[in-house]
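Peer 1: Have a look at the structure that comes next, please.
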Amino acid sequence: MVSVSELISARTRVCGLLGYPVEHSFSPAMHNAAFRHLGLDFVYLAFPVHPERLEEAVAGVRALHLAGVNVTVPHKEKVIPYLDELTDGARLAGAVNTIVHREGHLVGHNTDGAGFVRFLTADAGFNPAGKRVLVLGAGGAARAVAVHLALAGVEQVLVANRTPSRAAELAALIHDQTPARACAVPWPADVLPGEVDLIVQTTPLGMHPRVDACPDFPFHRLRPEQVVVDLVYNPPRTLFMERAARSGARVYNGLGMLLYQGVLAFELWTGERAPVEVMRRALPF
Ligand code: NAP
């Protein structure tokens, strides 16, 4: 067994996570497994950053010459003013989960949304170009996913949300600022499943410990050729997935999004192709 002191050198590049709290994160296990697998002199650490110290922490990324960091709750939106540049996806999503540091210049990316698209193409065999999508929910995850689907070429995004004004806001953003068409539809989404190719469940309903919760949805109208993704991954099979699977639809949980946001961040920081299966095995489910 190689000890940590044998792996760390004076040249070791540091990546990490800025969040509060961070103790629950799977990212250190996922990235460190990938660094070790490729023999890269990198290490990934989790930094608990109190909201009042976010600006200092971002200054520290520059000052300490970190290769880059992930950003998680509650900092994904608040970090934006401290960065030098944003990708289009991060700007439209209004949130950053990955920062890349080059010579004092910090670029904010949203690999949550971009990772969701990579998951769809790599693992679900679903090419978003020209497709129609129904998004359930209009919070941060919904916005990241919807924006990146729109930038990846989906034809139409329908948004259903418990609070209709938030669905209308997200639909307007997509419609006005991306090439995709978009509109808000009623919650619960009772008329539409037959007309869309992909359904993405982005609310926390069904997440541990309230595993009996499930969005109200016309499951009987799903068709076998449709793809259904629940962004929840704990439990790995939610009640929503269970009910959708009975229709024969192809059903996935949120682990793919979690994995590929890390894969994209890894590739941005290191310039290397990520060892996807190594990273997948480092996840707990
Ligand atoms: P958020 O910004 O708080 O948004 C929550 C959304 O869920 C809102 O649209 C909210 O509707 C809706 N909602 C909440 N409780 C509801 C209820 N009882 N009935 C109906 N709708 C309800 O949260 P988020 O950051 O988007 O995260 C949402 C989920 O995505 C969480 O389960 C999170 O774990 C998951 N997620 C997964 C990944 C991944 O990598 N797989 C990444 C990010 C997030 P209102 O607008 O009406 O409040």
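By order in the structure tokens, chains are A, B, ...; within a chain, residues start at 1; ligands start at 1, following the order shown.
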Name each residue within 10 Å of ligand 1, counting only C-alpha atoms and all ligand atoms, as a compact mmCIF listing (two decimals) with C-alpha atoms, in the first residue's frame.
Peer 2:
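Dumped to out_16.txt:
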# COMPACT_ATOMS: atom_id res chain seq x y z
CA THR A 72 -21.12 23.15 -4.34
CA VAL A 73 -24.01 24.20 -2.07
CA PRO A 74 -24.37 27.00 -1.00
CA LYS A 76 -22.74 27.85 -6.85
CA ASN A 97 -19.78 24.10 -10.14
CA THR A 111 -20.29 20.71 -15.59
CA ASP A 112 -23.53 19.67 -13.84
CA GLY A 113 -25.47 20.55 -16.98
CA GLY A 115 -22.14 16.41 -17.55
CA PHE A 116 -25.83 15.55 -17.83
CA VAL A 135 -38.36 18.98 -17.32
CA LEU A 136 -40.15 18.46 -14.00
CA GLY A 137 -39.02 21.20 -11.59
CA ALA A 138 -37.47 24.62 -12.18
CA GLY A 139 -34.77 24.92 -9.49
CA GLY A 140 -31.00 25.04 -9.87
CA ALA A 141 -30.58 21.52 -11.25
CA ALA A 142 -33.46 21.99 -13.71
CA ARG A 143 -31.94 25.22 -14.99
CA ALA A 144 -28.48 23.69 -15.50
CA VAL A 145 -29.93 20.67 -17.29
CA VAL A 159 -41.09 22.99 -18.04
CA ALA A 160 -43.59 21.89 -15.35
CA ASN A 161 -43.12 23.17 -11.82
CA ARG A 162 -45.13 23.34 -8.57
CA THR A 163 -44.67 27.14 -8.57
CA PRO A 164 -45.81 28.09 -12.10
CA SER A 165 -44.02 31.46 -12.18
CA ARG A 166 -40.64 29.69 -11.84
CA ALA A 167 -41.53 27.36 -14.74
CA TRP A 187 -47.92 20.92 -12.88
CA PRO A 188 -48.64 18.05 -12.53
CA GLN A 201 -37.29 14.64 -12.94
CA THR A 202 -35.36 17.36 -11.08
CA THR A 203 -37.32 17.78 -7.82
CA PRO A 204 -36.05 16.21 -4.57
CA LEU A 205 -39.25 14.13 -4.26
CA GLY A 206 -38.35 10.50 -3.44
CA MET A 207 -34.90 11.32 -2.10
CA HIS A 208 -33.67 9.57 1.07
CA ALA A 213 -42.63 10.57 -2.12
CA CYS A 214 -43.16 10.76 -5.88
CA PRO A 215 -44.23 13.53 -8.28
CA ASP A 216 -47.80 13.18 -9.49
CA VAL A 229 -34.06 10.33 -15.89
CA ASP A 230 -34.54 11.04 -12.18
CA LEU A 231 -31.72 13.27 -10.89
CA VAL A 232 -32.07 11.68 -7.46
CA TYR A 233 -29.47 8.93 -6.85
CA ASN A 234 -30.13 8.07 -3.21
CA ASN A 253 -31.07 7.70 -11.92
CA GLY A 254 -28.89 10.78 -11.23
CA LEU A 255 -25.61 8.94 -10.70
CA GLY A 256 -24.67 9.44 -14.35
CA MET A 257 -24.95 13.22 -13.96
CA LEU A 258 -22.88 13.09 -10.77
CA LEU A 259 -20.23 10.96 -12.48
CA TYR A 260 -19.94 13.00 -15.66
CA GLN A 261 -19.82 16.40 -13.92
CA GLY A 262 -16.68 14.99 -12.30
Peer 1: Would you please extract all strand (DSSP E) residues from stretch 187-265 of chain A, as assigned by DSSP on the backbone, and give them as a list of chain:residue names?
Peer 2: A:Leu198, A:Ile199, A:Val200, A:Gln201, A:Val227, A:Val228, A:Val229, A:Asp230, A:Arg250, A:Val251, A:Tyr252
Peer 1: Choose the residue, out of A:His50, A:Val107, A:Tyr82, A:Arg91, that has the smallest atom-to-atom separation from A:Trp269; count only C-alpha atoms.
Peer 2: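 Answer, going by the shortest atom-to-atom distance: A:Val107.
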Peer 1: Leaving out A:Asn32 and any residue of its chain fewer than 5 positions from it, which residues lie within 9 Å of it when counting only C-alpha atoms, given as a PyMOL selection string?
Peer 2: chain A and resi 27+37+42-45+279
Peer 1: Which neighbours of stretch 7-24 of chain A fall inside 12 Å, counting only C-alpha atoms, when residues of the same chain fewer than 5 positions from it are skipped, and could you give them as a PyMOL selection string?
Peer 2: chain A and resi 1-2+29-32+35-36+39-58+60-62+64-79+96-101+262+265-266+268-270+284
Peer 1: Write out as a list in words each polymer residue whose atoms come within 10 Å of A:Cys183, counting only C-alpha atoms; drop sequence neighbours fewer than 2 positions from it.
Peer 2: Leu134, Gln156, Val157, Leu158, Val159, Ala160, Ala167, Ala168, Glu169, Leu170, Ala171, Ala172, Leu173, Ile174, His175, Arg181 and Val185 of chain A
Peer 1: Keeping only C-alpha atoms, write the selected residues as a tab-separated table (two decimals), in the first residue's frame.
Peer 2:
chain	number	residue	atom	x	y	z
A	134	LEU	CA	-40.08	17.66	-20.47
A	156	GLN	CA	-38.15	22.09	-27.53
A	157	VAL	CA	-38.08	22.25	-23.73
A	158	LEU	CA	-41.31	22.01	-21.71
A	159	VAL	CA	-41.09	22.99	-18.04
A	160	ALA	CA	-43.59	21.89	-15.35
A	167	ALA	CA	-41.53	27.36	-14.74
A	168	ALA	CA	-42.43	30.42	-16.84
A	169	GLU	CA	-39.15	32.13	-15.92
A	170	LEU	CA	-37.03	29.13	-16.89
A	171	ALA	CA	-38.96	28.60	-20.12
A	172	ALA	CA	-38.51	32.29	-21.04
A	173	LEU	CA	-34.78	32.09	-20.40
A	174	ILE	CA	-34.43	29.06	-22.69
A	175	HIS	CA	-36.71	30.50	-25.36
A	181	ARG	CA	-38.12	26.71	-28.23
A	185	VAL	CA	-46.81	23.58	-18.91
Peer 1: For the alpha helix (DSSP H) assignment from backbone DSSP, which residues of stretch 44-225 of chain A qualify? Please present them as number ranges by chain.
Peer 2: A: 54-63, 88-93, 111-122, 140-151, 164-177
